[in-house]
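K.L.:
Next comes query06.cif, mmCIF, C-alpha atoms:
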data_entry
loop_
_atom_site.label_atom_id
_atom_site.label_comp_id
_atom_site.auth_asym_id
_atom_site.auth_seq_id
_atom_site.Cartn_x
_atom_site.Cartn_y
_atom_site.Cartn_z
CA MET Z 1 26.58 33.28 -25.00
CA SER Z 2 27.72 35.28 -22.06
CA TRP Z 3 25.43 33.40 -19.68
CA LEU Z 4 27.00 30.07 -20.29
CA LYS Z 5 30.32 30.07 -18.53
CA PRO Z 6 31.90 26.77 -17.61
CA ALA Z 7 32.87 28.20 -14.26
CA ASP Z 8 29.24 29.00 -13.46
CA ALA Z 9 28.11 25.52 -14.37
CA GLY Z 10 30.90 24.04 -12.30
CA PHE Z 11 30.02 26.21 -9.33
CA ALA Z 12 26.34 25.29 -9.61
CA VAL Z 13 27.10 21.59 -9.69
CA ARG Z 14 29.57 21.87 -6.83
CA SER Z 15 27.24 23.83 -4.60
CA LYS Z 16 24.35 21.46 -5.31
CA LEU Z 17 26.59 18.54 -4.46
CA ALA Z 18 27.68 20.26 -1.27
CA ASP Z 19 24.05 20.86 -0.31
CA LEU Z 20 23.26 17.24 -0.99
CA GLY Z 21 26.19 16.09 1.10
CA TYR Z 22 25.19 18.42 3.92
CA GLY Z 23 21.68 17.01 3.82
CA ALA Z 24 22.97 13.44 3.86
CA LYS Z 25 25.26 14.24 6.81
CA LEU Z 26 22.40 15.81 8.73
CA PHE Z 27 20.24 12.78 7.99
CA LEU Z 28 22.91 10.45 9.29
CA ARG Z 29 23.30 12.55 12.42
CA LEU Z 30 19.55 12.44 12.96
CA MET Z 31 19.47 8.70 12.50
CA VAL Z 32 22.48 7.82 14.62
CA ARG Z 33 22.72 10.42 17.35
CA GLY Z 34 19.09 11.42 17.11
CA ALA Z 35 18.05 7.91 18.04
CA GLN Z 36 19.37 8.67 21.53
CA SER Z 37 16.74 11.34 21.86
CA LEU Z 38 14.15 8.58 21.88
CA ARG Z 39 15.38 7.91 25.39
CA ARG Z 40 14.24 11.37 26.41
CA PHE Z 41 10.79 10.52 25.21
CA GLY Z 42 9.19 13.54 26.85
CA LEU Z 43 10.60 15.74 24.10
CA VAL Z 44 9.33 13.42 21.40
CA ARG Z 45 5.95 13.19 23.12
CA ASP Z 46 5.51 16.95 23.11
CA GLN Z 47 6.29 17.00 19.42
CA ILE Z 48 3.87 14.16 18.69
CA HIS Z 49 1.30 16.21 20.53
CA PHE Z 50 2.06 19.21 18.37
CA LEU Z 51 2.40 17.41 15.03
CA GLY Z 52 -0.13 14.65 15.49
CA ASN Z 53 -2.98 15.83 17.65
CA TYR Z 54 -3.30 19.17 15.94
CA SER Z 55 -3.22 17.54 12.49
CA LEU Z 56 -5.85 15.00 13.40
CA ALA Z 57 -8.82 17.23 12.64
CA ILE Z 58 -7.72 18.25 9.15
CA ILE Z 59 -6.70 14.68 8.32
CA ALA Z 60 -9.98 13.20 9.53
CA VAL Z 61 -12.16 15.77 7.79
CA SER Z 62 -10.20 15.50 4.53
CA GLY Z 63 -10.37 11.72 4.72
CA LEU Z 64 -14.11 11.85 5.21
CA PHE Z 65 -14.65 14.05 2.19
CA VAL Z 66 -12.23 12.11 0.01
CA GLY Z 67 -14.20 9.00 0.98
CA PHE Z 68 -17.48 10.73 0.10
CA VAL Z 69 -16.20 11.79 -3.31
CA LEU Z 70 -14.66 8.39 -4.04
CA GLY Z 71 -17.93 6.71 -3.13
CA LEU Z 72 -19.92 9.00 -5.41
CA GLN Z 73 -17.60 8.90 -8.40
CA MET Z 74 -16.87 5.21 -8.28
CA TYR Z 75 -20.57 4.47 -7.86
CA TYR Z 76 -21.48 6.29 -11.05
CA ALA Z 77 -18.64 4.67 -12.95
CA LEU Z 78 -19.44 1.19 -11.66
CA GLN Z 79 -23.16 1.59 -12.11
CA ARG Z 80 -22.68 1.63 -15.88
CA TYR Z 81 -21.27 -1.86 -15.79
CA GLY Z 82 -23.75 -3.10 -13.23
CA SER Z 83 -21.06 -3.87 -10.70
CA SER Z 84 -21.71 -1.30 -8.02
CA GLU Z 85 -21.13 -4.04 -5.42
CA ALA Z 86 -17.41 -3.60 -6.03
CA LEU Z 87 -17.66 -0.07 -4.64
CA GLY Z 88 -16.28 -1.08 -1.25
CA LEU Z 89 -13.33 -2.82 -2.79
CA LEU Z 90 -12.46 0.11 -5.05
CA VAL Z 91 -12.79 2.70 -2.30
CA ALA Z 92 -10.76 0.64 0.15
CA LEU Z 93 -8.00 -0.25 -2.31
CA SER Z 94 -7.55 3.26 -3.63
CA LEU Z 95 -7.50 4.69 -0.11
CA VAL Z 96 -5.28 2.11 1.52
CA ARG Z 97 -2.78 1.85 -1.30
CA GLU Z 98 -2.50 5.35 -2.65
CA LEU Z 99 -4.71 8.13 -1.40
CA GLY Z 100 -4.32 7.50 2.30
CA PRO Z 101 -0.53 7.71 2.47
CA VAL Z 102 -0.14 10.35 -0.26
CA VAL Z 103 -2.88 12.80 0.64
CA ALA Z 104 -2.13 12.45 4.34
CA ALA Z 105 1.54 13.20 3.60
CA LEU Z 106 0.62 16.24 1.51
CA LEU Z 107 -1.67 17.53 4.25
CA PHE Z 108 0.98 16.79 6.84
CA THR Z 109 3.46 18.81 4.78
CA GLY Z 110 1.14 21.78 4.73
CA ARG Z 111 -0.07 21.49 8.29
CA ALA Z 112 3.02 20.35 10.19
CA GLY Z 113 6.04 20.55 7.87
CA THR Z 114 5.72 24.27 7.34
CA SER Z 115 5.46 24.96 11.05
CA LEU Z 116 8.56 22.85 11.66
CA THR Z 117 10.52 24.79 9.06
CA ALA Z 118 9.34 28.13 10.36
CA GLU Z 119 10.07 27.19 13.95
CA ILE Z 120 13.59 25.98 13.26
CA GLY Z 121 14.26 28.86 10.88
CA LEU Z 122 13.18 31.43 13.46
CA MET Z 123 15.21 29.70 16.13
CA LYS Z 124 18.16 30.04 13.82
CA ALA Z 125 17.34 33.66 13.02
CA GLY Z 126 17.10 34.39 16.74
CA GLU Z 127 20.46 32.65 17.18
CA GLN Z 128 18.97 30.22 19.65
CA LEU Z 129 20.66 27.35 17.90
CA SER Z 130 24.05 29.05 18.11
CA ALA Z 131 23.41 29.79 21.78
CA MET Z 132 22.77 26.11 22.36
CA GLU Z 133 26.00 25.18 20.71
CA MET Z 134 27.77 27.69 22.93
CA MET Z 135 26.37 25.78 25.89
CA ALA Z 136 27.66 22.54 24.40
CA VAL Z 137 24.13 21.35 23.69
CA ASP Z 138 23.85 19.75 20.29
CA PRO Z 139 20.89 21.42 18.56
CA VAL Z 140 20.53 18.45 16.24
CA GLN Z 141 20.01 16.19 19.20
CA ARG Z 142 17.99 18.55 21.34
CA ILE Z 143 15.82 20.36 18.75
CA LEU Z 144 15.79 18.49 15.46
CA ALA Z 145 15.81 14.85 16.52
CA PRO Z 146 12.66 14.87 18.70
CA ARG Z 147 10.75 16.60 15.90
CA PHE Z 148 12.12 14.16 13.35
CA TRP Z 149 11.13 11.05 15.26
CA ALA Z 150 7.79 12.55 16.20
CA GLY Z 151 7.08 13.11 12.50
CA VAL Z 152 8.15 9.58 11.62
CA ILE Z 153 5.88 8.13 14.32
CA THR Z 154 2.97 10.42 13.55
CA MET Z 155 2.78 10.02 9.79
CA PRO Z 156 1.69 6.34 9.57
CA LEU Z 157 -0.93 6.90 12.27
CA LEU Z 158 -2.35 9.87 10.41
CA ALA Z 159 -2.39 7.95 7.13
CA ALA Z 160 -4.21 5.07 8.81
CA VAL Z 161 -6.76 7.48 10.27
CA PHE Z 162 -7.20 9.03 6.83
CA SER Z 163 -7.84 5.67 5.17
CA ALA Z 164 -10.15 4.41 7.89
CA VAL Z 165 -12.22 7.59 7.95
CA GLY Z 166 -12.27 7.58 4.15
CA ILE Z 167 -13.65 4.05 4.06
CA MET Z 168 -16.33 5.12 6.52
CA GLY Z 169 -17.08 8.06 4.21
CA GLY Z 170 -17.38 5.69 1.26
CA TYR Z 171 -19.70 3.54 3.35
CA VAL Z 172 -21.88 6.52 4.24
CA VAL Z 173 -22.26 7.61 0.62
CA GLY Z 174 -22.35 4.18 -1.00
CA VAL Z 175 -24.48 2.21 1.42
CA LEU Z 176 -26.51 4.75 3.36
CA MET Z 177 -27.18 7.22 0.55
CA LEU Z 178 -26.92 5.35 -2.73
CA GLY Z 179 -28.17 2.00 -1.55
CA VAL Z 180 -25.33 -0.40 -2.27
CA ASP Z 181 -25.84 -3.61 -0.36
CA PRO Z 182 -23.79 -3.41 2.86
CA GLY Z 183 -22.94 -7.10 2.75
CA ALA Z 184 -21.52 -6.77 -0.75
CA PHE Z 185 -19.74 -3.56 0.21
CA TRP Z 186 -17.82 -5.13 3.07
CA GLY Z 187 -17.63 -8.61 1.59
CA GLN Z 188 -16.01 -7.52 -1.68
CA MET Z 189 -13.65 -5.32 0.30
CA GLN Z 190 -12.62 -8.12 2.59
CA GLY Z 191 -12.21 -10.46 -0.34
CA GLY Z 192 -9.97 -8.13 -2.30
CA VAL Z 193 -7.88 -6.25 0.25
CA ASP Z 194 -4.89 -8.14 1.54
CA VAL Z 195 -3.49 -7.30 4.96
CA TRP Z 196 0.19 -7.41 4.06
CA ARG Z 197 0.11 -6.58 0.39
CA ASP Z 198 -2.26 -3.64 0.56
CA VAL Z 199 -2.55 -2.40 4.14
CA GLY Z 200 1.05 -3.28 5.00
CA ASN Z 201 2.49 -1.64 1.91
CA GLY Z 202 0.37 1.43 2.59
CA VAL Z 203 1.87 1.64 6.06
CA ILE Z 204 5.39 1.24 4.68
CA LYS Z 205 4.66 4.01 2.22
CA SER Z 206 3.46 6.33 4.93
CA ILE Z 207 6.52 5.61 7.07
CA VAL Z 208 8.76 6.49 4.12
CA PHE Z 209 6.75 9.68 3.59
CA GLY Z 210 7.09 10.47 7.27
CA PHE Z 211 10.87 10.27 6.98
CA THR Z 212 10.87 12.34 3.78
CA VAL Z 213 8.52 15.14 4.76
CA THR Z 214 9.87 15.63 8.26
CA PHE Z 215 13.46 15.53 7.13
CA ILE Z 216 12.92 18.02 4.32
CA ALA Z 217 11.08 20.36 6.67
CA LEU Z 218 13.83 20.20 9.27
CA LEU Z 219 16.63 20.53 6.74
CA GLN Z 220 15.04 23.56 5.12
CA GLY Z 221 14.60 25.21 8.48
CA PHE Z 222 18.12 24.34 9.52
CA VAL Z 223 19.81 25.74 6.40
CA ALA Z 224 17.47 28.73 6.03
CA GLN Z 225 18.94 32.19 5.73
CA PRO Z 226 18.53 33.68 9.22
CA THR Z 227 16.33 36.51 8.01
CA PRO Z 228 12.55 36.90 7.76
CA GLU Z 229 12.87 36.54 4.00
CA GLY Z 230 14.99 33.46 4.31
CA VAL Z 231 12.50 31.79 6.65
CA SER Z 232 9.61 32.54 4.33
CA ARG Z 233 11.55 31.12 1.41
CA ALA Z 234 12.50 28.05 3.38
CA THR Z 235 8.84 27.46 4.23
CA THR Z 236 7.88 27.69 0.59
CA ARG Z 237 10.68 25.36 -0.40
CA THR Z 238 9.54 22.86 2.20
CA VAL Z 239 6.08 22.67 0.71
CA VAL Z 240 7.30 22.43 -2.87
CA MET Z 241 10.10 19.96 -2.26
CA ALA Z 242 8.22 17.76 0.17
CA SER Z 243 5.13 17.56 -2.04
CA LEU Z 244 7.16 16.73 -5.12
CA SER Z 245 9.23 14.13 -3.29
CA VAL Z 246 6.12 12.52 -1.87
CA LEU Z 247 4.53 12.25 -5.29
CA GLY Z 248 7.72 11.03 -6.95
CA LEU Z 249 8.51 8.56 -4.20
CA ASP Z 250 4.94 7.32 -4.31
CA PHE Z 251 5.35 6.39 -7.95
CA LEU Z 252 8.64 4.62 -7.25
CA LEU Z 253 7.26 2.76 -4.25
CA THR Z 254 4.14 1.72 -6.12
CA ALA Z 255 6.23 0.49 -9.00
CA MET Z 256 8.38 -1.53 -6.61
CA MET Z 257 5.59 -2.89 -4.42
CA PHE Z 258 2.80 -3.72 -6.82
CA SER Z 259 4.69 -4.56 -9.97
CA ILE Z 260 4.87 -8.32 -9.52
CA MET G 1 10.50 11.25 33.47
CA GLN G 2 7.89 13.72 34.67
CA ARG G 3 4.31 13.51 33.54
CA SER G 4 2.68 16.29 31.62
CA ASN G 5 -0.73 17.35 30.45
CA SER G 6 -0.04 16.32 26.90
CA ASP G 7 0.41 12.70 27.95
CA ILE G 8 -3.27 11.92 27.76
CA TRP G 9 -3.73 13.65 24.41
CA VAL G 10 -0.74 11.94 22.87
CA GLY G 11 -2.01 8.68 24.27
CA LEU G 12 -5.41 9.31 22.74
CA PHE G 13 -3.85 10.20 19.40
CA VAL G 14 -1.78 7.04 19.32
CA LEU G 15 -4.84 5.02 20.33
CA ILE G 16 -6.90 6.57 17.55
CA GLY G 17 -4.15 5.81 15.05
CA GLY G 18 -3.89 2.25 16.34
CA ALA G 19 -7.64 1.85 16.17
CA ALA G 20 -7.60 3.06 12.56
CA LEU G 21 -4.91 0.53 11.67
CA LEU G 22 -6.86 -2.18 13.43
CA PHE G 23 -9.98 -1.16 11.55
CA LEU G 24 -8.11 -1.36 8.26
CA ALA G 25 -6.67 -4.75 9.10
CA LEU G 26 -9.83 -6.31 10.51
CA GLN G 27 -12.71 -4.69 8.72
CA SER G 28 -11.31 -3.95 5.29
CA ALA G 29 -8.75 -6.71 4.91
CA ASN G 30 -10.44 -9.24 7.18
CA LEU G 31 -7.32 -10.35 9.00
CA LEU G 32 -9.36 -12.67 11.22
CA SER G 33 -10.33 -14.85 8.32
CA LEU G 34 -6.70 -15.39 7.48
CA ASN G 35 -6.09 -18.41 9.56
CA PHE G 36 -2.60 -19.07 10.67
CA GLN G 37 -3.36 -22.72 10.71
CA LYS G 38 -0.92 -25.30 9.62
CA THR G 39 -1.03 -26.27 5.99
CA TYR G 40 0.38 -29.03 3.87
CA ASN G 41 1.83 -28.52 0.42
CA VAL G 42 0.71 -30.36 -2.66
CA THR G 43 2.02 -29.73 -6.14
CA ALA G 44 0.10 -29.85 -9.36
CA ARG G 45 1.03 -29.46 -13.00
CA PHE G 46 -1.05 -27.43 -15.38
CA ASP G 47 -0.71 -26.98 -19.13
CA ASN G 48 -1.88 -23.41 -18.81
CA ILE G 49 -2.62 -21.50 -15.65
CA GLY G 50 -4.14 -18.44 -17.31
CA GLY G 51 -4.11 -15.55 -14.86
CA LEU G 52 -3.47 -17.54 -11.69
CA LYS G 53 -1.36 -15.76 -9.07
CA PRO G 54 0.19 -16.75 -5.76
CA GLN G 55 -2.24 -16.35 -2.85
CA THR G 56 -5.17 -17.26 -5.09
CA ALA G 57 -7.87 -19.18 -3.25
CA VAL G 58 -8.24 -22.94 -3.58
CA LYS G 59 -11.88 -23.84 -3.19
CA SER G 60 -13.82 -27.01 -2.85
CA ALA G 61 -17.59 -26.77 -3.17
CA GLY G 62 -17.10 -23.01 -3.02
CA VAL G 63 -15.39 -23.06 0.38
CA VAL G 64 -11.84 -21.78 0.62
CA VAL G 65 -9.68 -24.71 1.71
CA GLY G 66 -6.23 -23.36 0.87
CA ARG G 67 -4.13 -20.93 -1.11
CA VAL G 68 -1.75 -21.10 -4.02
CA GLU G 69 1.70 -21.01 -2.47
CA SER G 70 3.93 -20.55 -5.49
CA ILE G 71 3.96 -20.89 -9.23
CA SER G 72 6.95 -21.87 -11.30
CA PHE G 73 7.70 -23.15 -14.77
CA ASP G 74 9.06 -26.61 -15.37
CA ASP G 75 11.27 -26.55 -18.44
CA LYS G 76 11.40 -30.35 -18.64
CA SER G 77 7.73 -30.91 -19.27
CA PHE G 78 6.99 -27.32 -20.27
CA GLN G 79 4.20 -27.15 -17.77
CA ALA G 80 3.40 -24.83 -14.90
CA ARG G 81 4.19 -26.24 -11.48
CA VAL G 82 1.75 -24.88 -8.93
CA THR G 83 2.27 -25.49 -5.22
CA LEU G 84 -0.90 -25.44 -3.17
CA ALA G 85 -1.00 -24.96 0.58
CA LEU G 86 -4.07 -26.83 1.81
CA GLN G 87 -5.30 -26.47 5.36
CA ASN G 88 -4.48 -29.37 7.63
CA ARG G 89 -8.04 -29.80 8.80
CA TYR G 90 -9.21 -30.70 5.30
CA SER G 91 -8.08 -33.87 3.60
CA PHE G 92 -8.84 -34.93 0.08
CA PRO G 93 -8.67 -38.31 -1.71
CA LYS G 94 -5.50 -38.99 -3.63
CA ASP G 95 -7.21 -38.98 -7.01
CA SER G 96 -8.82 -35.57 -6.57
CA SER G 97 -8.69 -33.40 -9.63
CA LEU G 98 -8.00 -29.69 -10.00
CA LYS G 99 -9.68 -27.19 -12.26
CA ILE G 100 -8.84 -23.57 -12.83
CA LEU G 101 -12.16 -21.78 -12.66
CA THR G 102 -13.28 -18.19 -12.93
CA SER G 103 -15.69 -16.63 -10.51
CA GLY G 104 -18.26 -14.93 -12.70
CA LEU G 105 -17.65 -13.97 -16.27
CA LEU G 106 -14.93 -11.43 -15.55
CA GLY G 107 -14.06 -12.38 -11.98
CA GLU G 108 -10.74 -13.57 -10.74
CA GLN G 109 -9.54 -17.09 -11.20
CA TYR G 110 -9.33 -19.71 -8.51
CA ILE G 111 -8.54 -23.40 -8.28
CA GLY G 112 -11.37 -25.79 -7.64
CA ILE G 113 -10.76 -29.23 -6.13
CA GLU G 114 -13.05 -32.02 -7.24
CA PRO G 115 -12.75 -34.81 -4.68
CA GLY G 116 -12.00 -38.23 -6.05
CA ALA G 117 -13.08 -41.61 -4.76
CA GLU G 118 -9.88 -43.23 -3.50
CA GLU G 119 -9.53 -44.34 0.10
CA LYS G 120 -6.09 -42.85 0.62
CA ASN G 121 -5.81 -39.15 1.22
CA LEU G 122 -3.39 -36.63 -0.23
CA GLN G 123 -0.19 -36.32 1.77
CA ALA G 124 2.25 -33.44 1.94
CA GLY G 125 4.49 -33.46 -1.11
CA ASP G 126 2.09 -35.36 -3.32
CA THR G 127 1.54 -34.38 -6.92
CA ILE G 128 -1.86 -34.07 -8.46
CA THR G 129 -1.82 -34.99 -12.12
CA ALA G 130 -5.50 -34.79 -13.02
CA THR G 131 -5.72 -31.11 -13.81
CA GLN G 132 -7.75 -29.01 -16.14
CA SER G 133 -6.17 -25.87 -17.48
CA ALA G 134 -7.58 -22.42 -17.42
CA VAL G 135 -10.00 -21.54 -20.15
CA VAL G 136 -8.29 -19.13 -22.49
CA LEU G 137 -10.94 -17.02 -24.08
CA GLU G 138 -8.96 -16.41 -27.26
CA ASN G 139 -8.57 -20.15 -27.89
CA LEU G 140 -12.27 -20.67 -27.32
CA ILE G 141 -13.17 -17.95 -29.77
CA SER G 142 -10.76 -19.20 -32.40
CA GLN G 143 -12.02 -22.76 -31.98
CA PHE G 144 -15.56 -21.51 -32.33
CA LEU G 145 -14.70 -19.53 -35.42
CA TYR G 146 -12.82 -22.43 -37.00
CA SER G 147 -15.63 -24.84 -36.32
CA LYS G 148 -18.09 -22.38 -37.83
CA ALA G 149 -15.86 -22.08 -40.86
CA ALA G 150 -15.59 -25.84 -41.04
CA GLU G 151 -19.37 -26.18 -41.00
CA GLY G 152 -19.68 -23.62 -43.76
CA SER G 153 -17.25 -25.40 -46.06
CA SER G 154 -17.63 -28.99 -44.90
CA SER G 155 -17.35 -30.22 -48.51
CA THR G 156 -13.69 -29.20 -48.73
CA PRO G 157 -11.50 -31.84 -47.03
CA SER G 158 -8.75 -29.60 -45.63
CA THR G 159 -10.49 -27.32 -43.16
CA PRO G 160 -8.47 -25.24 -40.77
CA GLY G 161 -10.54 -26.63 -37.92
CA THR G 162 -8.76 -29.96 -38.06
CA ALA G 163 -5.44 -28.26 -37.63
CA ASN G 164 -6.65 -26.69 -34.40
CA LYS G 165 -8.01 -29.85 -32.83
CA LYS G 166 -5.91 -31.37 -30.11
#
Could you rewrite the structure in this file as structure tokens?
P.N.:
Amino acid sequence: MSWLKPADAGFAVRSKLADLGYGAKLFLRLMVRGAQSLRRFGLVRDQIHFLGNYSLAIIAVSGLFVGFVLGLQMYYALQRYGSSEALGLLVALSLVRELGPVVAALLFTGRAGTSLTAEIGLMKAGEQLSAMEMMAVDPVQRILAPRFWAGVITMPLLAAVFSAVGIMGGYVVGVLMLGVDPGAFWGQMQGGVDVWRDVGNGVIKSIVFGFTVTFIALLQGFVAQPTPEGVSRATTRTVVMASLSVLGLDFLLTAMMFSI
Amino acid sequence: MQRSNSDIWVGLFVLIGGAALLFLALQSANLLSLNFQKTYNVTARFDNIGGLKPQTAVKSAGVVVGRVESISFDDKSFQARVTLALQNRYSFPKDSSLKILTSGLLGEQYIGIEPGAEEKNLQAGDTITATQSAVVLENLISQFLYSKAAEGSSSTPSTPGTANKK
């Protein structure tokens, strides 16, 4: 039992707590002082350009194919019960409520989160962040905050694009290829999808995911070991932690939003 | 703030995102059909509301004329108190009756208004008493089974079917 020393356990708990506290402090700084960076919107705009525009292609293409697959699979399942008219409703609900926000957040993690972590980590490794502090420029305000807010703004837009393109994909497969009646496709969808309950909650979800993914990516870059190894590890951790948090949070949010 | 080349691309991106949201709201959720018209509230009491939920449609002759505003339980009469928000442009006679109906065999439930014959119309705050509860499939089946059993053994006086009759 040499591996179980109380001191080790205590140290592990203490260091985890310290990490958690550091993360919470950074989050607060981003929220409070980082909000000022919204006034220098040029910085945020450049980051939206980098995070949003360059992610648009992968999000749109993935959304299209997810819509295709949903249309196909749901059609075969519904066909058995003779209710293939409900295809539009099923595709729209599953995209707007779950798949849109979640898959877009996972793709955003892989496409944008990793690059954020690597960028910040390399800045740290190159001591650019320390140099900024020497010049009395707050790196949190100048470097992290614009990226943070850009991610928060970008994420809901990307999720909406994902859902919309996915619905179009479901339409292409269901109506144009498999011959579901277009009136029933749209009519059932419009009858069953509620603007606030379904679309609105999906948007709220994607905003929460935007906060989560961007913050985890920035935090991992900011606390990375300033070595090539450390940056690579931080990037990996970003993907793992952000994906797991998105999936876990999604369950919690769904349970809270759609339980009643 | 100086302008930059990325302005137009960011603008386009935000526009595309906005258009997607608009598409979701208008085309998939049909926001336009949600009318923000004024409504008046009418309450109704049901013995059993089945699977009725808030925001369920209230239809008359198949046309949506309102929504279910809220559902609560009245522990004095042990009935469900359902508040309906009916659109102002539609008025119904005071003695109209309500039915909880199901669209299709497995569809969702809605409330149907059968107009009455009285001259006066329903006002805000009125209570509709002539209601017909939701059809509970289990009760129907058990009634059917009991009546079948009663037919089979009609000679015996104490059939379980009598116990089930209301």
K.L.:
Selected by the PyMOL selection byres ((chain Z and resi 77-88) around 10) in the shown coordinates: which residues, as number ranges by chain?
P.N.:
Z: 70-76, 89-93, 167-168, 170-171, 174-175, 178-190, 192-193; G: 28
K.L.:
Using all atoms listed in the file, pick whichever of Z:Val203, Z:Ala234, Z:Leu144, Z:Ala242 has the shortest atom-to-atom distance to Leu38 in chain Z.
P.N.:
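Looking only at the distances to Leu38 in chain Z, the closest residue turns out to be Z:Leu144.
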K.L.:
Separation of CA of Leu219 in chain Z and CA of Leu56 in chain Z, in Å?
P.N.:
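Atom-to-atom, CA of Leu219 in chain Z and CA of Leu56 in chain Z are spaced 24.1 Å apart.
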K.L.:
For Ala61 in chain G, which residue among G:Asn48, G:Gln27, G:Leu15, G:Ile111 is the nearest when counting all atoms listed in the file?
P.N.:
G:Ile111
K.L.:
For the structure provided, state which residues fall under the PyMOL selection byres ((chain Z) within 6 of (chain G)), and present them as an mmCIF file with C-alpha atoms, in the coordinates of the input.
P.N.:
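Here's the written file expr-v5.cif:
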data_model
loop_
_atom_site.group_PDB
_atom_site.id
_atom_site.type_symbol
_atom_site.label_atom_id
_atom_site.label_comp_id
_atom_site.auth_asym_id
_atom_site.auth_seq_id
_atom_site.Cartn_x
_atom_site.Cartn_y
_atom_site.Cartn_z
ATOM 1 C CA HIS Z 49 1.300 16.210 20.530
ATOM 2 C CA ASN Z 53 -2.980 15.830 17.650
ATOM 3 C CA LEU Z 157 -0.930 6.900 12.270
ATOM 4 C CA ALA Z 160 -4.210 5.070 8.810
ATOM 5 C CA VAL Z 161 -6.760 7.480 10.270
ATOM 6 C CA ALA Z 164 -10.150 4.410 7.890
ATOM 7 C CA MET Z 189 -13.650 -5.320 0.300
ATOM 8 C CA GLN Z 190 -12.620 -8.120 2.590
ATOM 9 C CA VAL Z 193 -7.880 -6.250 0.250
ATOM 10 C CA ASP Z 194 -4.890 -8.140 1.540
ATOM 11 C CA VAL Z 195 -3.490 -7.300 4.960
#
K.L.:
Kindly give the distance, in Å, that separates CA of Ala60 in chain Z and CA of Val246 in chain Z, rounded to a single decimal.
P.N.:
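About the pair CA of Ala60 in chain Z and CA of Val246 in chain Z: they are 19.7 Å apart.
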K.L.:
Taking 6 positions as the minimum chain separation for residues in the same chain, which residues sit within 10 Å of range 90-103 of chain G when counting all atoms listed in the file? Answer as a PyMOL selection string.
P.N.:
chain G and resi 39-40+44-46+48-52+58-60+62+65-66+109-123+126-135
K.L.:
Take the selection from the previous step and output its residues with C-alpha atoms, as an mmCIF file, in the frame of the given file.
P.N.:
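Now in part-v3.cif:
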data_model
loop_
_atom_site.group_PDB
_atom_site.id
_atom_site.type_symbol
_atom_site.label_atom_id
_atom_site.label_comp_id
_atom_site.auth_asym_id
_atom_site.auth_seq_id
_atom_site.Cartn_x
_atom_site.Cartn_y
_atom_site.Cartn_z
ATOM 1 C CA THR G 39 -1.030 -26.270 5.990
ATOM 2 C CA TYR G 40 0.380 -29.030 3.870
ATOM 3 C CA ALA G 44 0.100 -29.850 -9.360
ATOM 4 C CA ARG G 45 1.030 -29.460 -13.000
ATOM 5 C CA PHE G 46 -1.050 -27.430 -15.380
ATOM 6 C CA ASN G 48 -1.880 -23.410 -18.810
ATOM 7 C CA ILE G 49 -2.620 -21.500 -15.650
ATOM 8 C CA GLY G 50 -4.140 -18.440 -17.310
ATOM 9 C CA GLY G 51 -4.110 -15.550 -14.860
ATOM 10 C CA LEU G 52 -3.470 -17.540 -11.690
ATOM 11 C CA VAL G 58 -8.240 -22.940 -3.580
ATOM 12 C CA LYS G 59 -11.880 -23.840 -3.190
ATOM 13 C CA SER G 60 -13.820 -27.010 -2.850
ATOM 14 C CA GLY G 62 -17.100 -23.010 -3.020
ATOM 15 C CA VAL G 65 -9.680 -24.710 1.710
ATOM 16 C CA GLY G 66 -6.230 -23.360 0.870
ATOM 17 C CA GLN G 109 -9.540 -17.090 -11.200
ATOM 18 C CA TYR G 110 -9.330 -19.710 -8.510
ATOM 19 C CA ILE G 111 -8.540 -23.400 -8.280
ATOM 20 C CA GLY G 112 -11.370 -25.790 -7.640
ATOM 21 C CA ILE G 113 -10.760 -29.230 -6.130
ATOM 22 C CA GLU G 114 -13.050 -32.020 -7.240
ATOM 23 C CA PRO G 115 -12.750 -34.810 -4.680
ATOM 24 C CA GLY G 116 -12.000 -38.230 -6.050
ATOM 25 C CA ALA G 117 -13.080 -41.610 -4.760
ATOM 26 C CA GLU G 118 -9.880 -43.230 -3.500
ATOM 27 C CA GLU G 119 -9.530 -44.340 0.100
ATOM 28 C CA LYS G 120 -6.090 -42.850 0.620
ATOM 29 C CA ASN G 121 -5.810 -39.150 1.220
ATOM 30 C CA LEU G 122 -3.390 -36.630 -0.230
ATOM 31 C CA GLN G 123 -0.190 -36.320 1.770
ATOM 32 C CA ASP G 126 2.090 -35.360 -3.320
ATOM 33 C CA THR G 127 1.540 -34.380 -6.920
ATOM 34 C CA ILE G 128 -1.860 -34.070 -8.460
ATOM 35 C CA THR G 129 -1.820 -34.990 -12.120
ATOM 36 C CA ALA G 130 -5.500 -34.790 -13.020
ATOM 37 C CA THR G 131 -5.720 -31.110 -13.810
ATOM 38 C CA GLN G 132 -7.750 -29.010 -16.140
ATOM 39 C CA SER G 133 -6.170 -25.870 -17.480
ATOM 40 C CA ALA G 134 -7.580 -22.420 -17.420
ATOM 41 C CA VAL G 135 -10.000 -21.540 -20.150
#
K.L.:
Could you please determine the separation between CA of Val63 in chain G and CA of Ala124 in chain G in Å, to one decimal place?
P.N.:
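Distance reported for this atom pair: 20.5 Å.
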